Every structure is written in structure tokens, then in C-alpha cells.
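The file query-v3.cif comes next; it holds mmCIF, C-alpha atoms.
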```cif
data_query
loop_
_atom_site.label_atom_id
_atom_site.label_comp_id
_atom_site.auth_asym_id
_atom_site.auth_seq_id
_atom_site.Cartn_x
_atom_site.Cartn_y
_atom_site.Cartn_z
CA MET O 1 31.53 92.76 -90.03
CA TYR O 2 29.27 94.29 -92.65
CA LYS O 3 31.40 97.34 -93.43
CA VAL O 4 28.70 99.97 -93.25
CA ASP O 5 28.40 103.27 -91.55
CA LYS O 6 27.34 103.45 -88.01
CA GLU O 7 24.33 105.56 -88.88
CA VAL O 8 22.46 102.78 -90.74
CA VAL O 9 22.79 100.31 -87.92
CA PHE O 10 19.91 100.34 -85.47
CA CYS O 11 20.01 98.15 -82.40
CA PHE O 12 17.26 97.50 -79.86
CA GLY O 13 15.79 95.00 -77.41
CA PHE O 14 18.78 94.37 -75.20
CA ARG O 15 18.46 92.05 -72.30
CA THR O 16 21.16 91.45 -69.76
CA ALA O 17 21.90 87.84 -69.03
CA PHE O 18 21.63 86.55 -65.52
CA GLY O 19 24.53 87.54 -63.38
CA GLY O 20 25.63 90.33 -65.64
CA GLY O 21 28.56 90.47 -67.99
CA LYS O 22 26.59 89.77 -71.15
CA SER O 23 23.68 91.34 -72.93
CA THR O 24 21.75 90.02 -75.91
CA GLY O 25 19.77 92.11 -78.37
CA PHE O 26 18.77 92.71 -81.98
CA ALA O 27 20.33 94.90 -84.66
CA LEU O 28 19.06 96.03 -88.07
CA ILE O 29 21.37 97.20 -90.83
CA TYR O 30 19.93 99.25 -93.71
CA ASP O 31 21.28 99.89 -97.18
CA ASN O 32 21.19 103.65 -96.86
CA LEU O 33 19.90 106.33 -94.60
CA GLU O 34 16.79 107.07 -96.70
CA ALA O 35 15.63 103.47 -96.39
CA ALA O 36 16.28 103.63 -92.68
CA LYS O 37 14.27 106.81 -92.34
CA LYS O 38 11.42 105.21 -94.25
CA PHE O 39 11.21 101.94 -92.38
CA GLU O 40 12.38 102.50 -88.89
CA PRO O 41 9.87 103.38 -86.20
CA LYS O 42 10.02 106.91 -84.95
CA TYR O 43 11.36 106.19 -81.53
CA ARG O 44 14.48 104.51 -82.87
CA LEU O 45 15.15 107.41 -85.20
CA VAL O 46 14.81 109.72 -82.26
CA ARG O 47 17.33 107.63 -80.39
CA HIS O 48 19.78 108.12 -83.20
CA GLY O 49 19.06 111.79 -83.36
CA LEU O 50 17.67 111.75 -86.88
CA MET O 51 14.24 112.89 -85.83
CA GLU O 52 12.59 114.93 -83.22
CA ILE O 53 9.10 114.33 -82.02
CA LYS O 54 7.37 117.53 -81.22
CA LYS O 55 4.51 117.38 -78.90
CA ALA O 56 2.64 119.86 -76.89
CA SER O 57 3.43 120.11 -73.26
CA ARG O 58 1.88 117.63 -70.98
CA LYS O 59 -0.41 120.17 -69.40
CA GLN O 60 -1.73 121.33 -72.72
CA ARG O 61 -2.35 117.81 -73.86
CA LYS O 62 -4.39 117.10 -70.78
CA GLU O 63 -6.38 120.27 -71.17
CA ARG O 64 -7.21 119.43 -74.72
CA LYS O 65 -8.37 116.01 -73.70
CA ASN O 66 -10.63 117.46 -71.04
CA ARG O 67 -12.09 119.94 -73.49
CA SER O 68 -12.86 117.24 -75.99
CA LYS O 69 -14.63 115.21 -73.34
CA LYS O 70 -17.50 117.66 -73.49
CA LEU O 71 -18.01 117.23 -77.23
CA ARG O 72 -19.05 114.49 -79.54
CA GLY O 73 -17.92 113.45 -83.02
CA THR O 74 -16.30 115.80 -85.51
CA LYS O 75 -16.72 118.73 -83.17
CA LYS O 76 -13.84 117.36 -81.18
CA ALA O 77 -11.42 118.05 -84.03
CA LYS O 78 -12.94 121.48 -84.58
CA ALA O 79 -12.63 122.36 -80.96
CA ALA O 80 -8.96 121.30 -80.90
CA VAL O 81 -8.14 123.58 -83.80
CA ALA O 82 -10.20 126.47 -82.49
CA LYS O 83 -9.08 126.62 -78.93
CA LYS O 84 -5.47 126.26 -79.86
CA MET B 85 -66.79 50.63 -145.93
CA SER B 86 -68.93 49.92 -142.94
CA PRO B 87 -70.18 46.49 -144.00
CA SER B 88 -66.64 45.31 -144.76
CA LYS B 89 -65.52 46.68 -141.48
CA SER B 90 -68.21 44.99 -139.54
CA THR B 91 -67.58 41.71 -141.29
CA LYS B 92 -63.89 42.06 -140.62
CA ALA B 93 -64.62 42.62 -136.95
CA ALA B 94 -66.92 39.65 -136.91
CA ASN B 95 -64.28 37.52 -138.54
CA ALA B 96 -61.69 38.60 -136.02
CA ALA B 97 -64.02 37.85 -133.17
CA ALA B 98 -64.78 34.42 -134.55
CA GLU B 99 -61.08 33.71 -134.88
CA ALA B 100 -60.43 34.74 -131.32
CA LEU B 101 -63.26 32.59 -130.14
CA ARG B 102 -61.96 29.57 -131.95
CA THR B 103 -58.44 29.94 -130.52
CA ASP B 104 -59.86 30.44 -127.11
CA GLN B 105 -61.98 27.40 -127.43
CA ALA B 106 -59.02 25.29 -128.43
CA ALA B 107 -56.97 26.51 -125.51
CA PHE B 108 -59.88 26.02 -123.16
CA THR B 109 -60.45 22.43 -124.14
CA LYS B 110 -56.76 21.73 -123.78
CA HIS B 111 -56.74 23.21 -120.31
CA LEU B 112 -59.76 21.22 -119.34
CA ASN B 113 -58.15 17.99 -120.36
CA GLU B 114 -55.04 18.89 -118.44
CA LEU B 115 -57.13 19.64 -115.41
CA THR B 116 -58.83 16.28 -115.46
CA THR B 117 -55.52 14.43 -115.69
CA MET B 118 -54.09 16.52 -112.87
CA PHE B 119 -57.07 15.84 -110.66
CA LYS B 120 -56.66 12.13 -111.21
CA GLU B 121 -53.01 12.38 -110.21
CA ILE B 122 -53.73 14.36 -107.05
CA GLU B 123 -56.43 11.97 -106.07
CA SER B 124 -54.16 9.00 -106.38
CA LYS B 125 -51.45 10.70 -104.35
CA LEU B 126 -53.70 11.96 -101.63
CA LYS B 127 -55.54 8.73 -101.13
CA PRO B 128 -52.96 7.04 -98.89
CA THR B 129 -52.61 10.13 -96.67
CA ILE B 130 -56.35 10.38 -96.30
CA GLU B 131 -56.50 6.72 -95.36
CA LYS B 132 -53.79 7.26 -92.79
CA LEU B 133 -55.61 10.20 -91.33
CA ASP B 134 -58.79 8.23 -91.12
CA SER B 135 -57.10 5.39 -89.38
CA LYS B 136 -55.50 7.80 -86.92
CA GLU B 137 -52.03 6.66 -87.78
CA ILE B 138 -50.73 10.16 -87.97
CA ASP B 139 -51.43 12.58 -85.17
CA THR B 140 -52.30 16.01 -86.45
CA SER B 141 -52.82 17.65 -83.08
CA LYS B 142 -49.24 18.86 -82.89
CA GLY B 143 -49.17 20.56 -86.26
CA LEU B 144 -48.58 24.18 -86.91
CA SER B 145 -51.89 25.92 -86.46
CA PHE B 146 -50.68 28.58 -88.81
CA LEU B 147 -50.55 26.14 -91.68
CA GLU B 148 -53.97 24.77 -90.78
CA VAL B 149 -55.38 28.25 -91.17
CA LYS B 150 -53.75 28.43 -94.54
CA TYR B 151 -55.41 25.23 -95.66
CA HIS B 152 -58.81 26.38 -94.61
CA ILE B 153 -58.47 29.68 -96.33
CA LEU B 154 -57.23 28.03 -99.49
CA LEU B 155 -60.16 25.68 -99.53
CA GLU B 156 -62.62 28.46 -99.16
CA TYR B 157 -60.86 30.41 -101.85
CA ILE B 158 -61.04 27.56 -104.27
CA THR B 159 -64.69 27.00 -103.54
CA ASN B 160 -65.57 30.58 -104.12
CA LEU B 161 -63.55 30.67 -107.28
CA SER B 162 -65.30 27.65 -108.71
CA PHE B 163 -68.64 29.18 -107.85
CA VAL B 164 -67.72 32.36 -109.65
CA MET B 165 -66.60 30.43 -112.70
CA TYR B 166 -69.87 28.50 -112.69
CA ARG B 167 -71.84 31.68 -112.65
CA LYS B 168 -69.78 33.13 -115.48
CA LEU B 169 -70.24 30.04 -117.59
CA ASN B 170 -73.94 30.27 -117.15
CA GLY B 171 -73.83 33.87 -118.27
CA GLU B 172 -74.88 35.35 -114.97
CA THR B 173 -73.16 38.44 -113.69
CA ILE B 174 -70.86 38.27 -110.75
CA LYS B 175 -71.14 41.93 -109.98
CA ASP B 176 -71.81 42.69 -106.32
CA HIS B 177 -72.07 39.06 -105.50
CA PRO B 178 -71.00 38.15 -101.96
CA ALA B 179 -68.84 35.39 -103.35
CA VAL B 180 -66.61 37.95 -105.00
CA VAL B 181 -66.30 39.88 -101.78
CA SER B 182 -65.25 36.82 -99.88
CA LEU B 183 -62.86 35.98 -102.69
CA ILE B 184 -61.15 39.30 -102.28
CA GLU B 185 -60.99 38.81 -98.52
CA GLN B 186 -59.41 35.43 -98.82
CA ARG B 187 -56.94 36.65 -101.39
CA THR B 188 -55.73 39.41 -99.14
CA MET B 189 -55.43 37.01 -96.22
CA LEU B 190 -53.34 34.66 -98.27
CA GLU B 191 -51.08 37.43 -99.39
CA LYS B 192 -50.62 38.59 -95.83
CA MET B 193 -49.67 35.11 -94.82
CA LYS B 194 -46.94 34.99 -97.41
CA PRO B 195 -44.24 36.94 -95.52
CA VAL B 196 -44.96 35.01 -92.34
CA GLU B 197 -44.50 31.85 -94.32
CA GLN B 198 -41.17 33.14 -95.50
CA LYS B 199 -40.00 33.51 -91.96
CA LEU B 200 -41.28 30.11 -90.98
CA LYS B 201 -39.81 28.51 -94.08
CA TYR B 202 -36.61 27.44 -92.35
CA GLN B 203 -38.40 25.83 -89.46
CA ILE B 204 -40.93 24.12 -91.65
CA ASP B 205 -38.16 22.69 -93.79
CA LYS B 206 -36.41 21.39 -90.75
CA LEU B 207 -39.59 19.85 -89.46
CA VAL B 208 -40.29 18.14 -92.75
CA ARG B 209 -36.75 16.84 -92.91
CA ALA B 210 -37.01 15.61 -89.37
CA ALA B 211 -40.25 13.90 -90.18
CA VAL B 212 -38.76 12.27 -93.26
CA ILE B 213 -35.70 11.09 -91.35
CA GLY B 214 -37.95 9.84 -88.62
CA GLN B 215 -39.95 7.85 -91.08
CA GLN B 216 -36.89 6.34 -92.68
CA ASP B 217 -35.28 5.20 -89.44
CA GLY B 218 -38.20 3.28 -88.12
CA GLU B 219 -37.07 2.70 -84.55
CA ALA B 220 -34.97 5.83 -84.30
CA GLN B 221 -37.87 8.20 -84.45
CA MET B 222 -37.44 9.38 -80.91
CA ASN B 223 -33.72 9.80 -81.42
CA ALA B 224 -34.31 11.84 -84.52
CA GLU B 225 -36.62 14.14 -82.69
CA GLY B 226 -34.20 14.39 -79.78
CA ALA B 227 -31.12 14.89 -81.92
CA ASP B 228 -32.66 17.40 -84.23
CA PRO B 229 -33.39 20.10 -81.69
CA LEU B 230 -29.68 20.47 -81.25
CA ALA B 231 -29.33 21.09 -84.96
CA PHE B 232 -31.81 23.93 -84.88
CA LYS B 233 -29.99 27.15 -84.67
CA PRO B 234 -31.58 30.56 -84.51
CA ASN B 235 -31.69 32.54 -87.68
CA PRO B 236 -30.70 36.07 -86.89
CA LYS B 237 -32.44 37.27 -90.00
CA ASN B 238 -35.72 36.32 -88.42
CA LEU B 239 -34.97 38.50 -85.47
CA VAL B 240 -34.38 41.60 -87.50
CA VAL B 241 -37.99 42.06 -88.64
CA ASP B 242 -40.58 41.76 -85.89
CA ASN B 243 -42.75 38.69 -86.23
CA THR B 244 -46.47 39.39 -86.33
CA GLY B 245 -48.34 36.14 -86.64
CA ASN B 246 -45.81 33.79 -85.20
CA ASP B 247 -47.61 31.32 -83.05
CA GLU B 248 -45.56 28.20 -83.49
CA GLY B 249 -43.35 26.98 -80.75
CA ASP B 250 -45.60 24.24 -79.63
CA ALA B 251 -44.15 22.14 -82.38
CA GLN B 252 -40.72 21.50 -80.95
CA GLU B 253 -38.50 22.98 -78.34
CA GLU B 254 -35.52 24.56 -79.89
CA ASP B 255 -32.26 24.90 -78.14
CA GLN B 256 -30.99 28.35 -78.63
CA GLU B 257 -27.46 27.32 -79.35
CA GLU B 258 -25.08 30.23 -79.60
CA ASP B 259 -22.96 30.48 -82.69
CA GLY B 260 -19.53 30.63 -81.09
CA THR B 261 -17.25 30.93 -84.10
CA PRO B 262 -16.42 34.48 -85.10
CA SER B 263 -16.50 35.44 -88.72
CA THR B 264 -13.33 37.55 -88.71
CA GLY B 265 -9.99 36.08 -87.84
CA LEU B 266 -9.42 38.45 -84.91
CA TYR B 267 -9.82 37.03 -81.47
CA LYS B 268 -11.80 39.20 -79.10
CA ALA B 269 -11.70 38.24 -75.45
CA PRO B 270 -15.08 37.61 -73.90
CA LYS B 271 -16.21 40.32 -71.52
CA MET B 272 -16.87 38.32 -68.42
CA ALA B 273 -15.71 40.40 -65.49
CA PRO B 274 -18.01 43.24 -64.51
CA VAL B 275 -16.62 46.70 -65.06
CA HIS B 276 -17.88 49.93 -63.66
CA PHE B 277 -20.23 51.52 -66.15
CA GLU B 278 -19.40 55.09 -66.91
CA GLU B 279 -22.35 56.77 -68.47
CA ASP B 280 -20.77 60.18 -68.43
CA SER B 281 -18.21 60.40 -71.19
CA SER B 282 -16.52 63.36 -69.56
CA ALA B 283 -15.49 61.10 -66.70
CA VAL B 284 -13.89 58.81 -69.20
CA ALA B 285 -12.10 61.71 -70.80
CA LYS B 286 -10.99 62.93 -67.40
CA ARG B 287 -9.65 59.54 -66.49
CA LEU B 288 -7.77 59.27 -69.76
CA LYS B 289 -6.32 62.72 -69.28
CA TYR B 290 -5.24 61.85 -65.78
CA GLN B 291 -3.55 58.72 -67.00
CA ALA B 292 -1.84 60.61 -69.77
CA ARG B 293 -0.64 63.17 -67.28
CA LEU B 294 0.74 60.47 -65.01
CA GLN B 295 2.56 58.94 -67.91
CA ALA B 296 4.03 62.25 -68.95
CA ARG B 297 5.16 62.91 -65.41
CA ALA B 298 6.73 59.50 -65.14
CA ALA B 299 8.51 59.97 -68.43
CA LYS B 300 9.90 63.27 -67.30
CA SER B 301 11.21 61.99 -64.01
CA ARG B 302 14.91 61.86 -63.21
CA VAL B 303 14.88 58.09 -62.83
CA MET B 304 13.61 57.61 -66.33
CA LYS B 305 16.13 60.02 -67.73
CA ASP B 306 18.95 58.22 -65.99
CA LEU B 307 17.76 54.88 -67.24
CA VAL B 308 17.43 56.16 -70.75
CA SER B 309 20.84 57.75 -70.73
CA GLU B 310 22.30 54.58 -69.35
CA PHE B 311 21.02 52.37 -72.13
CA ASP B 312 21.11 54.89 -74.90
CA ASP B 313 24.06 54.68 -77.25
CA ARG B 314 24.01 58.27 -78.33
CA PRO B 315 26.84 60.47 -77.06
CA GLU B 316 26.10 62.45 -73.96
CA GLU B 317 25.33 66.10 -74.34
CA MET B 318 26.09 68.69 -71.74
CA SER B 319 24.69 71.94 -72.94
CA LEU B 320 25.00 75.31 -71.35
CA ASN B 321 21.48 76.58 -71.47
CA ASN B 322 20.59 79.96 -70.10
CA ASP B 323 24.22 80.84 -69.68
CA GLY B 324 24.80 78.25 -67.04
CA VAL B 325 21.89 78.91 -64.75
CA HIS B 326 19.16 76.49 -64.02
CA PHE B 327 15.69 77.55 -63.00
CA GLY B 328 13.54 74.95 -61.40
CA MET B 329 9.96 73.87 -62.07
CA GLY B 330 10.17 73.70 -65.81
CA MET B 331 11.27 77.26 -66.25
CA ASP B 332 14.22 76.09 -68.28
CA GLU B 333 12.11 74.88 -71.14
CA LYS B 334 9.97 77.98 -70.95
CA GLN B 335 13.00 80.15 -71.16
CA LEU B 336 14.30 78.26 -74.16
CA GLU B 337 10.95 78.53 -75.87
CA ARG B 338 10.83 82.23 -75.21
CA GLU B 339 14.32 82.70 -76.58
CA ARG B 340 13.49 80.81 -79.70
CA TYR B 341 10.35 82.86 -80.26
CA GLU B 342 12.16 86.11 -79.71
CA GLU B 343 14.94 85.31 -82.07
CA GLU B 344 12.58 84.19 -84.74
CA ASN B 345 10.28 87.19 -84.57
CA PHE B 346 12.87 89.85 -83.84
CA THR B 347 10.97 91.11 -80.86
CA ARG B 348 11.12 90.99 -77.13
CA THR B 349 8.34 89.53 -75.05
CA MET B 350 7.14 91.21 -71.93
CA LEU B 351 7.51 89.23 -68.77
CA SER B 352 4.86 89.33 -66.13
CA LYS B 353 5.72 90.46 -62.65
CA LYS B 354 5.57 86.92 -61.36
CA GLU B 355 7.98 85.68 -63.96
CA LEU B 356 10.34 88.55 -63.39
CA ASN B 357 10.42 87.86 -59.70
CA ARG B 358 11.00 84.22 -60.29
CA LEU B 359 13.83 84.89 -62.66
CA ARG B 360 15.42 87.38 -60.41
CA LYS B 361 15.03 85.35 -57.28
CA GLY B 362 15.77 81.70 -57.70
CA ALA B 363 18.42 80.81 -60.23
CA LEU B 364 20.29 77.69 -59.30
CA PRO B 365 23.67 76.84 -60.58
CA ARG B 366 23.92 74.58 -63.53
CA PHE B 367 24.30 71.37 -61.62
CA GLU B 368 21.20 69.50 -60.66
CA ASN B 369 22.33 68.09 -57.39
CA GLU B 370 24.80 68.83 -54.72
CA PHE B 371 27.14 65.98 -55.42
CA GLU B 372 27.86 67.06 -58.93
CA ALA B 373 28.59 70.52 -57.75
CA ALA B 374 30.84 69.27 -55.00
CA MET B 375 32.75 67.02 -57.34
CA SER B 376 33.24 69.76 -59.91
CA ARG B 377 34.42 72.12 -57.24
CA ASP B 378 36.95 69.56 -56.20
CA SER B 379 38.18 68.82 -59.69
CA ASP B 380 38.29 72.51 -60.58
CA GLU B 381 38.35 72.13 -64.32
CA ASP B 382 36.04 74.89 -65.56
CA GLU B 383 36.22 77.51 -62.96
CA ASP B 384 35.59 80.45 -65.24
CA GLU B 385 32.27 79.12 -66.32
CA ASP B 386 31.03 78.73 -62.83
CA SER B 387 32.14 81.93 -61.27
CA GLY B 388 30.57 84.19 -63.88
CA PRO B 389 26.89 83.40 -63.68
CA ARG B 390 26.97 82.73 -60.05
CA GLY B 391 28.57 85.96 -59.22
CA ARG B 392 25.73 87.71 -57.51
CA LYS B 393 23.18 85.28 -56.27
CA ARG B 394 25.01 82.62 -54.41
CA SER B 395 22.07 81.30 -52.49
CA HIS B 396 23.79 77.97 -52.01
CA GLY B 397 26.54 79.37 -49.91
CA ASP B 398 30.15 79.68 -50.76
CA GLY B 399 32.35 76.74 -51.64
CA GLY B 400 32.05 73.07 -50.99
CA GLU B 401 33.73 73.20 -47.60
CA LEU B 402 30.53 74.13 -45.92
CA PHE B 403 28.51 71.40 -47.49
CA ASP B 404 26.46 70.19 -44.60
CA GLY B 405 25.21 66.97 -46.11
CA LEU B 406 21.60 68.07 -46.40
CA ILE B 407 20.27 68.12 -49.92
CA SER B 408 18.23 71.25 -50.01
CA ASP B 409 16.82 72.93 -53.05
CA PRO B 410 16.08 76.58 -52.41
CA SER B 411 13.70 76.83 -55.29
CA LYS B 412 11.78 73.93 -53.89
CA LYS B 413 11.63 75.29 -50.36
CA ARG B 414 8.04 75.96 -49.58
CA LYS B 415 8.25 78.76 -47.14
CA GLY B 416 5.42 78.62 -44.72
CA ARG B 417 3.39 76.35 -46.92
CA THR B 418 4.09 72.99 -45.44
CA ALA B 419 1.72 71.44 -42.98
CA PHE B 420 4.22 71.93 -40.20
CA ASP B 421 4.51 75.65 -40.83
CA ARG B 422 0.78 76.03 -41.02
CA SER B 423 0.18 74.23 -37.80
CA LYS B 424 2.83 76.38 -36.16
CA ARG B 425 0.91 79.44 -37.26
CA ASN B 426 -2.31 78.04 -35.90
CA ILE B 427 -1.02 77.23 -32.45
CA SER B 428 -2.69 80.31 -30.98
CA ARG B 429 -6.02 79.27 -32.45
CA LYS B 430 -5.73 75.94 -30.72
CA GLY B 431 -5.26 74.09 -33.96
CA LYS B 432 -8.54 75.15 -35.54
CA GLY B 433 -6.98 76.46 -38.72
CA ARG B 434 -7.30 79.66 -40.70
CA LYS B 435 -9.75 82.22 -39.45
#
```
Can you give me the file's structure in the form of C-alpha cells?
Amino acid sequence: MYKVDKEVVFCFGFRTAFGGGKSTGFALIYDNLEAAKKFEPKYRLVRHGLMEIKKASRKQRKERKNRSKKLRGTKKAKAAVAKK
Amino acid sequence: MSPSKSTKAANAAAEALRTDQAAFTKHLNELTTMFKEIESKLKPTIEKLDSKEIDTSKGLSFLEVKYHILLEYITNLSFVMYRKLNGETIKDHPAVVSLIEQRTMLEKMKPVEQKLKYQIDKLVRAAVIGQQDGEAQMNAEGADPLAFKPNPKNLVVDNTGNDEGDAQEEDQEEDGTPSTGLYKAPKMAPVHFEEDSSAVAKRLKYQARLQARAAKSRVMKDLVSEFDDRPEEMSLNNDGVHFGMGMDEKQLERERYEEENFTRTMLSKKELNRLRKGALPRFENEFEAAMSRDSDEDEDEDSGPRGRKRSHGDGGELFDGLISDPSKKRKGRTAFDRSKRNISRKGKGRK
């Protein structure tokens, strides 16, 4: 309908109507990929494969949290850097 | 310089004296003529009083006090003038003190007089009319009380020295004509007094709620659609499903909000269950559904949404004549169900 590439179209929020057979949702169409990368939230970019969110493993995240529980204030940031 | 000045002052003083003297003599002459007049006018009244023609026992005692005070005032004043003429000082003389007293009393009586003015005028008029109609004196006195009406202005300020009332009985006739053109019904029937305004608000709210409920009812809608000349609308809301208990409007509102704000709202668990559980078909009663099934015009519309949850049972052949609304079924909540549960407790109710 709008004659753009598939990669600038981002759709989300789909809800299936009662009884099945139809789903309703939203779609956003950007002018170019740079604008899309600037404005879209990270999770949607990840869905499209344009971005990868790197995070530490779950266990490490929890350990870091438990370490920082013993500290107060700016030392928490210091401790995160140090122990890593 | 000084002698001319002193002579000038003396000349000025002499001039002043002469003008004063002229004015004084003129005033004196006026006084004498006035006294003669007053004497001539008062003579008949004094004669009447002496012959007891007029009864002064029913007069306003307030005015009597005024006369007495005035007399004393005048006496003291003349005494003071006499002393001044003779060149004696009036400083610290008891006459002056009493003068001041009487002056203040007179001035205090002035506002009371103002309030009594209306009544005194009426009395005087009544007396005059009574005198004129010789034989109709009693009638005048009897008729006049009806013409006395209370002056609300007198009621506004509290009366301090008002001791009349022995003069004449006054009928407190109500002024029945309203000033504005609007007719206000008289409040005659007793109504329950609600001191607490929250009760009033509660009652109003309850009434408003009743009205809203009545307006929403099916009967009203049918009546309105019967007499309304707008074309009928059959809309397919919610893709042909109908949730009971006002969920339809809520759904529509939610849809509108979502589309406007480009977001999705989160449904609570209760709402989710309700949506998943009890979706009725589009028709609002069994007869409509049965008729449409018979006529078979839009079959595609019906079969789609009702694919999965056919809580009504399949087809119109098994219509058993009972109008039952699954969404309105109160499972275990009716009094009958409760009493069934409480059989073992011998009908005592929940533990």
C-alpha cells in the first residue's frame, strides 16, 4: 500500500479477535532505516534482527546484585567494575 | 503703630458689638411675637385638659418623658442665659451639668422616635379622623387597627426603649402579595428535615442512578426505537460477539483508547477470564436467534465468531423454550443454592 521496503515496517501489539480467524494490531512505517534505528525501541529492533542486546548471564547478574546489596552509594558502581 | 493698632481693634470690637446688638434686639422681638402665638394656640388645649375633656392616661409614656425632659432643658437653658447676662460665670455650675445630661438624653431618644414615627403618625391621623367624624370615633379606632401593618424595617434593628403597645392593639396582618412575579407555592405540608447534607446528596445520587438504570433498560430502548424516526442501525460490534453486563461498552471504549494512543492495554485476570468465558452471540434474545437461524440469510457471519464457544448449544432444533442467559446464571449464588449448601447445618447459614 505504501510501497516501501519490508525492513522499515515495524508491527506490534497484535490481538486475536474472539473465535479466531482475525487479529488486529499496529504498524509503524519509517522513511528510512536510520530513522527507524533512532526511534524504535530496542526490543522491536531485536525482533527484526537489526540489533542484539548483550547481557550477562542470568547467574552473573544475580551475583552482581547480591554483591551490591552489601554496599551503599557510589561504591556499588565501583564494586561492579572491580569484581568483574 | 501700636496706638493705631489698638484703636483699630477697638473700632472692630465696637462694630461687632453694634451688629450683635441689632441682631439680638431683632431676635428678642421675634421671640415675643412667637410666644404670643404659642400662647394663643395652646390655650384651648390647656382648657380642654383642665376640663378633663381629653383623657391623657392612654398616651405614649415615651412621649411624656420627652416633654418632661424638654421642659427641664429649657428651664436650665434660660437659667444659664440669665447668669450670662448678669455677667456671672457658668463654669462648674450644676445647671450646666444637668443641661448636658438632658441634651444627651434627648439625643438618645431621637432614634427611638424615628422608629415610632410611623405609629405616632398613624395615631395622630386616627385621632384627627376620629375628631372629624363625631359619632364614628369608635369605628375609626376599630377600623384603623386593620390598617396598621408591621414595618419590617423596624424589626431589623433591635428596639431598645420601645414601651408602647398599650396605645392600641395592632393586628399583625401579613403582607400576602409577593414582590416578584413568580408564584411560589406555600410550604404547608410537613417534610422530613434532613440536617445532614450528605444524606441529601446520597438520595439525589440514588435517584439519579435509578433514572439512569431506567433509561438504559430494554423497555425504554424499544419504546424509543419505536417512536424514533431515525433509521435503524444494526452494528457488528466486537466482531459479532456480545458480552453481557456492560462489557460491550467497556470493550468499545478500550478499543477506541488503544487505537488513539497506539498502545495496548493490559487486561486484568478477571477481565481476561470474563472475555474468554462468556461471549454470547450477537443476538440479545433467543427468539431473534431462532428466527435468524430459520431465515438463514447471513450464515457466514454467525458461524465464524461462534466457532469455538457454543455455550448455547447447537442449532435451533433443540430450543427448549426456556430463556436462559448463561452470562446471567448465578452459579451457586442464588438463595436456593445457598440453602441447599446449608442443609447439613440445619439451615443456620455459613459457618
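The space separating atom CA of Phe163 of chain B from atom CA of Leu144 of chain B comes to 29.4 Å.
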Rank O:Ser57, O:Cys11, O:Phe39, O:Lys3 by their smallest atom-to-atom distance to Phe26 of chain O, using all atoms listed in the file, and report the top residue only.
O:Cys11
Step by step, gather every atom of segment 102-116 of chain B that the file lists, find the box along x, y and z that holds them, add 6 Å on each side, and finally give centre and edge lengths in Å to one decimal, as JSON.
```
{"center_x": -58.5, "center_y": 23.4, "center_z": -123.7, "size_x": 18.9, "size_y": 26.2, "size_z": 28.5}
```
Only residues of chain O matter here; which ones have an atom within 10 Å of chain B, counting all atoms listed in the file? Give them as a ChimeraX atom specification.
/O:12-15,17-22,25-28
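Remark: for Leu155 of chain B, the closest of the candidate residues B:Leu266, B:Val303, B:Leu190, B:Met118 is B:Leu190 (distances computed over only C-alpha atoms).
Using only C-alpha atoms, the nearest neighbour of Ala35 of chain O within the list O:Lys75, O:Val9, O:Arg67, O:Gly49 is O:Val9.
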As an exercise, work out the distance from atom CA of Glu156 of chain B to atom CA of Phe119 of chain B in Å and give it to one decimal place.
18.0 Å
Which residue gives the smallest distance to Lys54 of chain O among O:Lys6, O:Lys37, O:Lys42, O:Lys69, with only C-alpha atoms counted?
O:Lys42
Quick one: apply the PyMOL selection byres ((chain B and resi 180-184) around 10) to the file and drop the selected residues here as an MDAnalysis selection string.
chainID B and resid 153 156:161 163:164 174:179 185:190
Between atom CA of Ser281 of chain B and atom CA of Lys268 of chain B, what distance in Å does the model show, to one decimal?
23.5 Å
Written as a ChimeraX atom specification, what is the full residue list that the PyMOL selection byres ((chain O and resi 32) around 10) yields on the file shown?
/O:4-5,7-9,29-31,33-37
